[in-house]
Amino acid sequence: MPFFDRPVEKPEELFDREKEFESLKRAVDRYAMTIVVGFRRVGKTSLIKAATIDMPRIYVDVRKFEVLQYITYDMFLDELRKSLSNFLSFDKRIAEYLNVVKGLKVFGIEVELSQGRSRPLFTSILESLDRWARDRGVKLVFIIDEAQELIKLKGYSIIQAIAYAYDNLRNITFLFAGSKIGLLYRFLKIHDPSSPLYGRYIERIELKPLTREKAIEFLRKGFEEHRIKVDEVFLETAVQKLGGIIGWLSYLGLKTLNRGETNLRIIDEVVEEASKIVINEFCNFINAMGSKRYIEIVRAVSSEGATWSQIKRYLELRLGVKIYDSELSRLLKNLIDNGYIEKTNELYTIPDPILKYSSKSIKC
């Protein structure tokens, strides 16, 4: 099992995801809509790409919108345009179906979309893809990675189009991935009686971090494949500090291979470098939300976790102001929805070991 610097795409490159792999393949075959959820860098994109490698698919990655406070329909269409252009390499005959969509034209291997009032409807694009899949006798997988970012879409809702496709386009299956689980559910509105997706069945597949034993096994096998000797202290320390997040473990593996030795200092270096990445991501969230009180909440939760009342007391002492219950509840909900904290029974904790480590030193 080698270490990779980007999401894998082949089934044999996955590690300890056999159950989730089979579940996902079964889901896209049976159901109209599937969501894949899990923490950042836990391997969602790798699982999706590996499980759908032999299927016709449209893959739209909207992670670039994470740093933005809002997005427009034209911005979404531009990402979809790139995905459709990539799909032309799979079957150029799709151009015949796409060219009938008002506001869309195919030139060679490139898709061009009109903007403004002449822009194509998302529903029309889906209908053309469905006709292509029907005529080919296949099912098309329409993937949106980090789909919760589309909750920022202003002036246009794609939920109606997805609901229409759910009911009428039998040759398309939707696959949504999200690391901000609460936000993903809010985007899809599947629990909102006024939503067109309310009452629709959605298959859910959750990716959890590797267990301690599997994380050690992942590192050990990776080093063995590269003929690097490692001792148990190195493996135990690495997993203790990085947890079972396969993205961080792979990063450690690559950095160790580059050094050609297994030194405990390398683990600390990876933790520090990973902390900078996580803090930057968290600060992007802070800037988008417009409140630095989130920083104090994360510090209150820190390494041991905290109850609602403990967090409130910490904030009031730290900030020197009264914190209203409704405000604290809103702040906590936003942190949970964005995957930064989680609640188990009455205790709020930080699931990401790197954010937990760096929580005391966050400065935005």
# chains A, B, ... in the order shown; residues from 1 in each chain; ligands from 1
>>> residues_around(residues="A:Val233", least_positions_apart="2", cutoff="12 Å", atoms="only C-alpha atoms", output="ChimeraX atom specification")
/A:216,220,230-231,235-240,262-264,267
>>> write_last_selection(atoms="C-alpha atoms", output="PDB file, in the first residue's frame")
ATOM      1  CA  ILE A 216      -0.704   1.505  12.275  1.00  0.00           C
ATOM      2  CA  ARG A 220       3.532  -0.283   8.341  1.00  0.00           C
ATOM      3  CA  VAL A 230      10.079   1.351  11.147  1.00  0.00           C
ATOM      4  CA  ASP A 231       9.856   0.591  14.840  1.00  0.00           C
ATOM      5  CA  LEU A 235       4.125   4.020  14.420  1.00  0.00           C
ATOM      6  CA  GLU A 236       2.437   4.446  17.794  1.00  0.00           C
ATOM      7  CA  THR A 237       3.557   8.073  18.100  1.00  0.00           C
ATOM      8  CA  ALA A 238       2.429   8.894  14.577  1.00  0.00           C
ATOM      9  CA  VAL A 239      -1.067   7.509  15.118  1.00  0.00           C
ATOM     10  CA  GLN A 240      -1.344   9.085  18.542  1.00  0.00           C
ATOM     11  CA  THR A 262      11.984   7.256  10.405  1.00  0.00           C
ATOM     12  CA  ASN A 263      12.762   9.949  12.915  1.00  0.00           C
ATOM     13  CA  LEU A 264      10.291  11.107  15.547  1.00  0.00           C
ATOM     14  CA  ILE A 267       6.136  13.417  13.004  1.00  0.00           C
TER      15      ILE A 267
END
>>> residues_around(residues="stretch 53-69 of chain A", least_positions_apart="5", cutoff="8 Å", atoms="only C-alpha atoms", output="ChimeraX atom specification")
/A:9-10,76,79-80,83-84,87,90,138-147,149-150,152,284-285,288
>>> atom_distance(atom1="atom CA of A:Tyr166", atom2="atom CA of A:Phe187")
16.1 Å
>>> select_by_dssp(residues="stretch 96-175 of chain A", states="alpha helix (DSSP H)", output="MDAnalysis selection string")
chainID A and resid 96:98 122:136 159:168
>>> write_last_selection(atoms="N, CA and C atoms", output="PDB file, in the first residue's frame")
ATOM      1  N   GLU A  96     -24.021  15.449 -29.376  1.00  0.00           N
ATOM      2  CA  GLU A  96     -25.304  15.500 -30.080  1.00  0.00           C
ATOM      3  C   GLU A  96     -26.445  15.804 -29.118  1.00  0.00           C
ATOM      4  N   TYR A  97     -26.360  15.284 -27.918  1.00  0.00           N
ATOM      5  CA  TYR A  97     -27.414  15.463 -26.926  1.00  0.00           C
ATOM      6  C   TYR A  97     -27.301  16.824 -26.240  1.00  0.00           C
ATOM      7  N   LEU A  98     -26.070  17.262 -25.996  1.00  0.00           N
ATOM      8  CA  LEU A  98     -25.875  18.538 -25.324  1.00  0.00           C
ATOM      9  C   LEU A  98     -26.214  19.723 -26.219  1.00  0.00           C
ATOM     10  N   PHE A 122     -30.351  24.128 -15.596  1.00  0.00           N
ATOM     11  CA  PHE A 122     -29.745  22.899 -15.084  1.00  0.00           C
ATOM     12  C   PHE A 122     -30.626  21.697 -15.418  1.00  0.00           C
ATOM     13  N   THR A 123     -31.935  21.884 -15.357  1.00  0.00           N
ATOM     14  CA  THR A 123     -32.868  20.800 -15.678  1.00  0.00           C
ATOM     15  C   THR A 123     -32.671  20.337 -17.113  1.00  0.00           C
ATOM     16  N   SER A 124     -32.495  21.272 -18.036  1.00  0.00           N
ATOM     17  CA  SER A 124     -32.325  20.910 -19.449  1.00  0.00           C
ATOM     18  C   SER A 124     -31.043  20.117 -19.665  1.00  0.00           C
ATOM     19  N   ILE A 125     -29.979  20.504 -18.966  1.00  0.00           N
ATOM     20  CA  ILE A 125     -28.716  19.753 -19.079  1.00  0.00           C
ATOM     21  C   ILE A 125     -28.895  18.336 -18.568  1.00  0.00           C
ATOM     22  N   LEU A 126     -29.573  18.192 -17.435  1.00  0.00           N
ATOM     23  CA  LEU A 126     -29.815  16.857 -16.882  1.00  0.00           C
ATOM     24  C   LEU A 126     -30.670  16.016 -17.822  1.00  0.00           C
ATOM     25  N   GLU A 127     -31.652  16.624 -18.447  1.00  0.00           N
ATOM     26  CA  GLU A 127     -32.502  15.876 -19.388  1.00  0.00           C
ATOM     27  C   GLU A 127     -31.694  15.357 -20.566  1.00  0.00           C
ATOM     28  N   SER A 128     -30.769  16.171 -21.066  1.00  0.00           N
ATOM     29  CA  SER A 128     -29.945  15.724 -22.194  1.00  0.00           C
ATOM     30  C   SER A 128     -29.020  14.584 -21.784  1.00  0.00           C
ATOM     31  N   LEU A 129     -28.483  14.655 -20.570  1.00  0.00           N
ATOM     32  CA  LEU A 129     -27.621  13.577 -20.074  1.00  0.00           C
ATOM     33  C   LEU A 129     -28.423  12.294 -19.869  1.00  0.00           C
ATOM     34  N   ASP A 130     -29.647  12.440 -19.405  1.00  0.00           N
ATOM     35  CA  ASP A 130     -30.504  11.276 -19.199  1.00  0.00           C
ATOM     36  C   ASP A 130     -30.826  10.594 -20.524  1.00  0.00           C
ATOM     37  N   ARG A 131     -31.116  11.374 -21.576  1.00  0.00           N
ATOM     38  CA  ARG A 131     -31.405  10.778 -22.887  1.00  0.00           C
ATOM     39  C   ARG A 131     -30.193  10.039 -23.429  1.00  0.00           C
ATOM     40  N   TRP A 132     -28.991  10.623 -23.242  1.00  0.00           N
ATOM     41  CA  TRP A 132     -27.768   9.938 -23.684  1.00  0.00           C
ATOM     42  C   TRP A 132     -27.617   8.604 -22.959  1.00  0.00           C
ATOM     43  N   ALA A 133     -27.782   8.617 -21.625  1.00  0.00           N
ATOM     44  CA  ALA A 133     -27.630   7.389 -20.843  1.00  0.00           C
ATOM     45  C   ALA A 133     -28.682   6.353 -21.234  1.00  0.00           C
ATOM     46  N   ARG A 134     -29.914   6.809 -21.481  1.00  0.00           N
ATOM     47  CA  ARG A 134     -30.985   5.887 -21.894  1.00  0.00           C
ATOM     48  C   ARG A 134     -30.630   5.217 -23.211  1.00  0.00           C
ATOM     49  N   ASP A 135     -30.173   5.991 -24.182  1.00  0.00           N
ATOM     50  CA  ASP A 135     -29.852   5.438 -25.500  1.00  0.00           C
ATOM     51  C   ASP A 135     -28.637   4.528 -25.461  1.00  0.00           C
ATOM     52  N   ARG A 136     -27.733   4.783 -24.514  1.00  0.00           N
ATOM     53  CA  ARG A 136     -26.560   3.919 -24.361  1.00  0.00           C
ATOM     54  C   ARG A 136     -26.857   2.699 -23.506  1.00  0.00           C
ATOM     55  N   ILE A 159     -31.980  22.624  -6.266  1.00  0.00           N
ATOM     56  CA  ILE A 159     -32.704  21.556  -5.577  1.00  0.00           C
ATOM     57  C   ILE A 159     -33.934  21.132  -6.364  1.00  0.00           C
ATOM     58  N   GLN A 160     -34.644  22.102  -6.947  1.00  0.00           N
ATOM     59  CA  GLN A 160     -35.817  21.756  -7.745  1.00  0.00           C
ATOM     60  C   GLN A 160     -35.451  20.871  -8.924  1.00  0.00           C
ATOM     61  N   ALA A 161     -34.317  21.191  -9.563  1.00  0.00           N
ATOM     62  CA  ALA A 161     -33.873  20.398 -10.708  1.00  0.00           C
ATOM     63  C   ALA A 161     -33.500  18.986 -10.278  1.00  0.00           C
ATOM     64  N   ILE A 162     -32.848  18.872  -9.113  1.00  0.00           N
ATOM     65  CA  ILE A 162     -32.471  17.551  -8.608  1.00  0.00           C
ATOM     66  C   ILE A 162     -33.714  16.741  -8.259  1.00  0.00           C
ATOM     67  N   ALA A 163     -34.704  17.401  -7.636  1.00  0.00           N
ATOM     68  CA  ALA A 163     -35.949  16.708  -7.301  1.00  0.00           C
ATOM     69  C   ALA A 163     -36.681  16.258  -8.567  1.00  0.00           C
ATOM     70  N   TYR A 164     -36.680  17.112  -9.594  1.00  0.00           N
ATOM     71  CA  TYR A 164     -37.292  16.742 -10.870  1.00  0.00           C
ATOM     72  C   TYR A 164     -36.596  15.521 -11.469  1.00  0.00           C
ATOM     73  N   ALA A 165     -35.262  15.544 -11.439  1.00  0.00           N
ATOM     74  CA  ALA A 165     -34.505  14.412 -11.962  1.00  0.00           C
ATOM     75  C   ALA A 165     -34.764  13.151 -11.146  1.00  0.00           C
ATOM     76  N   TYR A 166     -34.859  13.311  -9.831  1.00  0.00           N
ATOM     77  CA  TYR A 166     -35.151  12.176  -8.941  1.00  0.00           C
ATOM     78  C   TYR A 166     -36.432  11.478  -9.381  1.00  0.00           C
ATOM     79  N   ASP A 167     -37.457  12.260  -9.712  1.00  0.00           N
ATOM     80  CA  ASP A 167     -38.768  11.698 -10.038  1.00  0.00           C
ATOM     81  C   ASP A 167     -38.887  11.226 -11.477  1.00  0.00           C
ATOM     82  N   ASN A 168     -38.142  11.852 -12.398  1.00  0.00           N
ATOM     83  CA  ASN A 168     -38.415  11.623 -13.809  1.00  0.00           C
ATOM     84  C   ASN A 168     -37.256  11.082 -14.648  1.00  0.00           C
TER      85      ASN A 168
END
>>> residues_around(residues="stretch 345-351 of chain A", least_positions_apart="6", cutoff="12 Å", atoms="only C-alpha atoms", output="VMD selection string")
chain A and resid 38 to 40 42 179 208 to 209 242 to 245 297 to 311 332 to 333 335 to 336 338 to 339 357 to 359
>>> atom_distance(atom1="atom CA of A:Gly178", atom2="atom CA of A:Gln148")
6.2 Å
>>> select_by_dssp(residues="stretch 142-269 of chain A", states="strand (DSSP E or B)", output="list in words")
Phe142, Ile143, Ile144, Asp145, Leu153, Lys154, Ile172, Thr173, Phe174, Leu175, Phe176, Ala177, Gly178, Glu203, Arg204, Ile205, Glu206 and Leu207 of chain A
>>> closest_residue(among="A:Val111, A:Ile295, A:Tyr314, A:Lys343", to="A:Asn99", atoms="only C-alpha atoms")
A:Val111
>>> closest_residue(among="A:Thr211, A:Gln115, A:Thr45, A:Asn280", to="A:Asp78", atoms="only C-alpha atoms")
A:Gln115
